[in-house]
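Just below is one structure, and these are the notes that go with it.
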Amino acid sequence: MKTAAFASLIAGAAAFAPSKSSSRSSALQMSFENELGAQPPLGFFDPLGLVADGDQEKFDRLRGVEIKHGRICMLGVVGYLVNKAGIYLPGDISTDGTKFSDLGSGWDASFAVPVPGALQVLAFCGALELVGWKQAEGSFPGDFSASSFPVGWVGADDPETQEDYRAKELNQGRAAQMGMLALMVHDKLGNVDDLLPWLPSN
């Protein structure tokens, strides 16, 4: 009887003990808490556990994707606002005589681009992706200094300033991704002019 009671006490204590797998997962995530971009108020934010296994290679790949999407969205937000203000590239976007200024802005412009013009954009982006931008071996994600055309720092000669620039780019890219999503939603709702009354309308 005493043996059975003792065994039940051990089993009860084990139920409240932290599992080894949980402790291991937490320890692995701790390895990324000091990475660039892990800052207050969220700190290291990985609610889906994408890098819970502590795989550095996977983390670097996802960070590179995050930076790339951020850069695209920063350009996208600026491009949206410029077109919304009625500013366009000169000339034609297609051989059928369609001008850049004929496209409008937002979703309407996306669907108004003629097929030859869309193919030009696709080819240009594909060329940048395949032969233009090149990740530097052994460097931080997003370092395209190995590209076939000059890419480098502007006004950041020391490592501390470079890290500060990288953190700012990462944060602004995250903000731009949210901003681009918001612009797409409100453009579809048709109330961008109400949200941005200061922006001249084309």
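Identifiers for the structure tokens are assigned positionally: chains receive A, B, ... in sequence, residues are indexed from 1 per chain, and ligands are indexed from 1 in the order shown.
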
How would you write, as a PyMOL selection string, the set of residues in chain A that DSSP gives as strand (DSSP E or B)? chain A and resi 39+43+92+99

Output N, CA and C atoms of each residue in that selection to a file, as a PDB file, in the first residue's frame.
```
ATOM      1  N   GLN A  39      13.381  43.082 -30.828  1.00  0.00           N
ATOM      2  CA  GLN A  39      13.447  44.275 -29.997  1.00  0.00           C
ATOM      3  C   GLN A  39      12.107  44.541 -29.328  1.00  0.00           C
ATOM      4  N   GLY A  43      10.062  41.656 -28.770  1.00  0.00           N
ATOM      5  CA  GLY A  43      11.252  40.815 -28.646  1.00  0.00           C
ATOM      6  C   GLY A  43      11.333  39.855 -29.818  1.00  0.00           C
ATOM      7  N   ASP A  92       5.372  55.274 -73.457  1.00  0.00           N
ATOM      8  CA  ASP A  92       4.427  54.164 -73.543  1.00  0.00           C
ATOM      9  C   ASP A  92       4.923  52.961 -72.752  1.00  0.00           C
ATOM     10  N   LYS A  99      -0.020  54.478 -72.699  1.00  0.00           N
ATOM     11  CA  LYS A  99       0.960  55.251 -71.943  1.00  0.00           C
ATOM     12  C   LYS A  99       0.904  54.874 -70.457  1.00  0.00           C
TER      13      LYS A  99
END
```

Fewer than 4 positions away in the same chain doesn't count, so skip those; otherwise give me all residues within 9 Å of region 136-142 of chain A, counting only C-alpha atoms, as number ranges by chain. A: 60-65, 67-68, 146-147

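Nearest to Leu36 (chain A) of all the residues A:Lys168, A:Leu75, A:Leu181, A:Leu195 is A:Lys168, counting only C-alpha atoms.
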
Closest of A:Glu35, A:Asp46, A:Asp158, A:Asp96 to Val113 (chain A) - atom-to-atom distances counting only C-alpha atoms: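 Looking at the shortest contact to Val113 (chain A), the residue is A:Asp96.
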
Write out as a PyMOL selection string the set of residues from region 11-177 of chain A that DSSP, computed on the backbone, places in alpha helix (DSSP H). chain A and resi 11-16+20-30+56-84+106-112+115-127+159-177

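Closest to Leu183 (chain A) among A:Gly76, A:Gly155, A:Gly54, A:Gly37 is A:Gly76, based on only C-alpha atoms.
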
Could you tell me how far CA of Gly173 (chain A) lies from CA of Cys73 (chain A), in Å and to one decimal? 6.9 Å

Which one of A:Gly70, A:Gly97, A:Asp102, A:Val131 sits closest to Asn83 (chain A) if you count only C-alpha atoms?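 So, comparing all the options, the nearest one is A:Asp102.
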
Rounded to one decimal, what separation in Å do you get between CA of Glu33 (chain A) and CA of Gln177 (chain A)?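 CA of Gln177 (chain A) lies at a distance of 22.3 Å from CA of Glu33 (chain A).
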